[in-house]
Amino acid sequence: MELLLTNARWLDPDTLTLHDACLRVTPGPDGDLEILDRRPQFSDNQQELDCAGKLVTRSFALGHHHLYSTFARGMPAPPRTPTNFPEILDLVWWRLDKRLDLPMIEASALATALLCAKRGVTFVVDHHASPFAVEGSLETIAKAFDAVGLGHLLCYEMSCRDGEAVKEAGLAETEAYLASGRIGQVGLHASFTVDDDLLARAVALAEKYRTGLHLHVAEDLADQNHCLEQHGKRVVQRLADAGALTSPCTLLAHCVHLDDTERELLRRSPVFVAQASESNLNNNVGLGRYDDLGPRVILGTDGMHVDMLRALKAAFIAGQSAESLDFREAYDRLRRVHELIRRVNAPGDGPNNLVILDYDTPTPMTPDNMLGHFLFGLEAVHVHTVIAQGRIVVENRRLVSHDETEILSYAREQAQRLWERLADS
């Protein structure tokens, strides 16, 4: 059934112009949006939604996430306090991902989809790891997102850190998911956990299924130091030599510690780079400079949260010291993830994904100052109603596409199971 959004104040996501309009929204992964100057004659195959003058614009997409981090809130402390980034991985995140099973993965995916929807995020690019529950993990996540009604671009984070059997399981899971007809990426952790065999086979898989890689790059200096010691070159050079920088569907997360040669390699490549400033600050790895990497820098959260308006503000503030980031470039990074999704040809991120914002600003809004409103005014609390693939998934700040209470209850149950495993280790 078509949606007819009446009395809408349409904010064009590209030009940031404002226009009082009626919006006709057709449903489905390939649905469309039509901007009308006046309300058309109502028909029986339409559902009318009165926006009451609220702001309506394209919804948001999360460019780099780890949905299993949903269960990190309040989790048991590590056996000792980490003193550097490799220890954070070993004592916190790798302890967690080793203890995941499929019910935990399903619950964390449902909870992530719920949290995303209520913050106006209708598409997620996720980088998943569960080394002792690999088989079926990606399809489990996909079905959870489908149930809530959100789009997704998934990959399994392959590495050599848990041995050959787990490495082979990651390759098998990736191929099975892509061969099933699902659109995804080929995931790798980071250079320092990936041997030459795995890197070559990952590149070949991406080429076979006409997609890109999704991996962490130079998040910490430890990644560069390991690459120099083991391969005699820096990380981006290693990736370039392996043919990993040729696909316009490839996504490199972080890219904090790059030299001038690596920056030039990325500028000349078609790959995307995901910035995750809050995660970098939380892990004390430094802040990246992205202003000379070309027009393909997008925003992610690296599992810290799912609020893209918050991620926009964090990127802008961090960018003041790292690169003198201006208003427009910060906003463009928020929106460029849509181009990555389009290149991969993943369904579910068309123009019929919308967010209705109940934004009670005390100052005027004009095309000239909308960037200021995005950076210093608009927040997730203003998300009132969310339309994903032409269907209402959140209305009046409540999830309607799935039982919200059921999702949260299931998540708490599975989080407790995970924490008990962590406490016993």
# chains A, B, ... in the order shown; residues from 1 in each chain; ligands from 1

$ closest_atom_pairs --of "segment 189-300 of chain A" --to "segment 74-89 of chain A" --cutoff "9 Å" --atoms "only C-alpha atoms" --output "tab-separated table"
residue	atom	partner	partner_atom	distance
A:Asp220	CA	A:Phe85	CA	6.9
A:Ala222	CA	A:Pro86	CA	7.4
A:Asn283	CA	A:Phe85	CA	6.4
A:Asn284	CA	A:Phe85	CA	7.6
A:Val285	CA	A:Phe85	CA	7.1

$ write_last_selection --atoms "C-alpha atoms" --output "mmCIF file, in the first residue's frame"
data_model
loop_
_atom_site.group_PDB
_atom_site.id
_atom_site.type_symbol
_atom_site.label_atom_id
_atom_site.label_comp_id
_atom_site.auth_asym_id
_atom_site.auth_seq_id
_atom_site.Cartn_x
_atom_site.Cartn_y
_atom_site.Cartn_z
ATOM 1 C CA ASP A 220 46.459 1.549 15.757
ATOM 2 C CA ALA A 222 50.458 -1.867 16.138
ATOM 3 C CA ASN A 283 40.481 3.229 22.381
ATOM 4 C CA ASN A 284 43.075 6.015 22.605
ATOM 5 C CA VAL A 285 44.483 5.235 19.150
#

$ residues_around --residues "Ala117 of chain A" --least-positions-apart "6" --cutoff "8 Å" --atoms "only C-alpha atoms" --output "list in words"
Leu150, Val386, Val393, Val394 and Leu399 of chain A

$ residues_around --residues "Leu178 of chain A" --least-positions-apart "5" --cutoff "10 Å" --atoms "only C-alpha atoms" --output "JSON, numbers by chain"
{"A": [138, 154, 155, 173, 183, 184, 185, 186, 205, 206, 208, 209, 210, 211]}

$ residues_around --residues "segment 228-241 of chain A" --least-positions-apart "6" --cutoff "12 Å" --atoms "only C-alpha atoms" --output "MDAnalysis selection string"
chainID A and resid 188 190:196 199:200 202:203 213:222 247 250 252:253 255:271

$ atom_distance --atom1 "atom CA of Asp292 of chain A" --atom2 "atom CA of Leu325 of chain A"
11.2 Å

$ residues_around --residues "segment 57-64 of chain A" --least-positions-apart "3" --cutoff "8 Å" --atoms "only C-alpha atoms" --output "PyMOL selection string"
chain A and resi 10-13+120-127+253+274+276+298-303+306+308+334-335+337-338+351-356+386-387

$ residues_around --residues "Cys160 of chain A" --least-positions-apart "2" --cutoff "8 Å" --atoms "only C-alpha atoms" --output "compact mmCIF listing (two decimals) with N, CA, C and O atoms, in the first residue's frame"
# COMPACT_ATOMS: atom_id res chain seq x y z
N MET A 158 36.75 -12.23 8.89
CA MET A 158 37.69 -13.36 8.87
C MET A 158 39.06 -12.92 9.39
O MET A 158 39.48 -11.79 9.20
N ASP A 162 42.27 -17.25 15.39
CA ASP A 162 41.72 -18.39 16.12
C ASP A 162 42.04 -19.72 15.47
O ASP A 162 41.39 -20.73 15.75
N GLY A 163 43.04 -19.72 14.56
CA GLY A 163 43.48 -20.97 13.97
C GLY A 163 42.90 -21.25 12.60
O GLY A 163 42.00 -20.56 12.11
N GLU A 164 43.43 -22.29 11.96
CA GLU A 164 43.07 -22.62 10.59
C GLU A 164 41.61 -23.04 10.43
O GLU A 164 40.96 -22.69 9.45
N VAL A 166 38.95 -22.14 12.10
CA VAL A 166 38.06 -20.96 12.16
C VAL A 166 38.24 -20.10 10.92
O VAL A 166 37.27 -19.56 10.37
N LYS A 167 39.47 -19.98 10.46
CA LYS A 167 39.73 -19.25 9.22
C LYS A 167 38.95 -19.88 8.06
O LYS A 167 38.27 -19.16 7.28
N THR A 193 46.16 -9.61 11.68
CA THR A 193 45.56 -10.90 11.98
C THR A 193 45.23 -11.69 10.71
O THR A 193 44.54 -12.71 10.78
N VAL A 194 45.74 -11.24 9.58
CA VAL A 194 45.40 -11.86 8.28
C VAL A 194 46.69 -12.26 7.57
O VAL A 194 47.53 -11.41 7.28
N ASP A 195 46.85 -13.57 7.28
CA ASP A 195 48.05 -14.00 6.56
C ASP A 195 47.86 -13.82 5.05
O ASP A 195 46.78 -13.45 4.58
N LEU A 198 44.98 -15.95 3.39
CA LEU A 198 43.63 -15.46 3.64
C LEU A 198 43.36 -14.18 2.86
O LEU A 198 42.28 -14.01 2.28

$ select_by_dssp --residues "segment 365-400 of chain A" --states "strand (DSSP E or B)" --output "PDB file with C-alpha atoms, in the first residue's frame"
ATOM      1  CA  VAL A 383      12.977  11.245  15.577  1.00  0.00           C
ATOM      2  CA  HIS A 384       9.194  10.850  15.599  1.00  0.00           C
ATOM      3  CA  THR A 385       8.325   8.441  12.778  1.00  0.00           C
ATOM      4  CA  VAL A 386      10.522   6.313  10.510  1.00  0.00           C
ATOM      5  CA  ILE A 387       9.658   4.815   7.139  1.00  0.00           C
ATOM      6  CA  ALA A 388      11.860   1.981   5.880  1.00  0.00           C
ATOM      7  CA  ARG A 391       6.622   1.045   5.285  1.00  0.00           C
ATOM      8  CA  ILE A 392       6.202   2.632   8.705  1.00  0.00           C
ATOM      9  CA  VAL A 393       8.543   0.910  11.166  1.00  0.00           C
ATOM     10  CA  VAL A 394       8.469   3.537  13.925  1.00  0.00           C
ATOM     11  CA  GLU A 395       5.438   5.709  14.666  1.00  0.00           C
ATOM     12  CA  ARG A 398       7.515   3.368  19.112  1.00  0.00           C
ATOM     13  CA  LEU A 399       8.532   0.426  16.949  1.00  0.00           C
TER      14      LEU A 399
END

$ atom_distance --atom1 "atom CA of Ser130 of chain A" --atom2 "atom CA of Ala314 of chain A"
28.7 Å

$ closest_residue --among "A:Ser401, A:Gln414, A:Gln46, A:Thr366" --to "His19 of chain A" --atoms "only C-alpha atoms"
A:Thr366

$ closest_residue --among "A:Arg99, A:His189, A:Arg182, A:His65" --to "Gln275 of chain A" --atoms "only C-alpha atoms"
A:His65

$ closest_atom_pairs --of "segment 381-408 of chain A" --to "segment 108-111 of chain A" --cutoff "9 Å" --atoms "only C-alpha atoms" --output "Markdown table"
| residue | atom | partner | partner_atom | distance |
| --- | --- | --- | --- | --- |
| A:Glu404 | CA | A:Ala111 | CA | 8.8 |
| A:Ile407 | CA | A:Ala111 | CA | 6.1 |
| A:Leu408 | CA | A:Ala111 | CA | 6.5 |

$ write_last_selection --atoms "N, CA, C and O atoms" --output "PDB file, in the first residue's frame"
ATOM      1  N   GLU A 404       8.395  -4.538  20.213  1.00  0.00           N
ATOM      2  CA  GLU A 404       9.548  -3.923  20.879  1.00  0.00           C
ATOM      3  C   GLU A 404       9.849  -4.590  22.220  1.00  0.00           C
ATOM      4  O   GLU A 404      11.011  -4.859  22.550  1.00  0.00           O
ATOM      5  N   ILE A 407      11.555  -7.982  21.705  1.00  0.00           N
ATOM      6  CA  ILE A 407      12.962  -7.866  21.312  1.00  0.00           C
ATOM      7  C   ILE A 407      13.844  -7.583  22.525  1.00  0.00           C
ATOM      8  O   ILE A 407      14.882  -8.224  22.731  1.00  0.00           O
ATOM      9  N   LEU A 408      13.439  -6.629  23.348  1.00  0.00           N
ATOM     10  CA  LEU A 408      14.264  -6.245  24.495  1.00  0.00           C
ATOM     11  C   LEU A 408      14.340  -7.353  25.539  1.00  0.00           C
ATOM     12  O   LEU A 408      15.388  -7.565  26.149  1.00  0.00           O
TER      13      LEU A 408
END

$ residues_around --residues "His305 of chain A" --least-positions-apart "5" --cutoff "10 Å" --atoms "only C-alpha atoms" --output "JSON, numbers by chain"
{"A": [62, 65, 66, 67, 69, 70, 112, 115, 116, 278, 279, 300, 310, 311]}

$ atom_distance --atom1 "atom CA of Tyr68 of chain A" --atom2 "atom CA of Ala113 of chain A"
11.7 Å

$ closest_residue --among "A:Asp403, A:Asp368, A:Glu34, A:Glu139" --to "Arg328 of chain A" --atoms "only C-alpha atoms"
A:Asp368

$ select_by_dssp --residues "segment 121-221 of chain A" --states "helix (DSSP H, G or I)" --output "count of residues only"
45
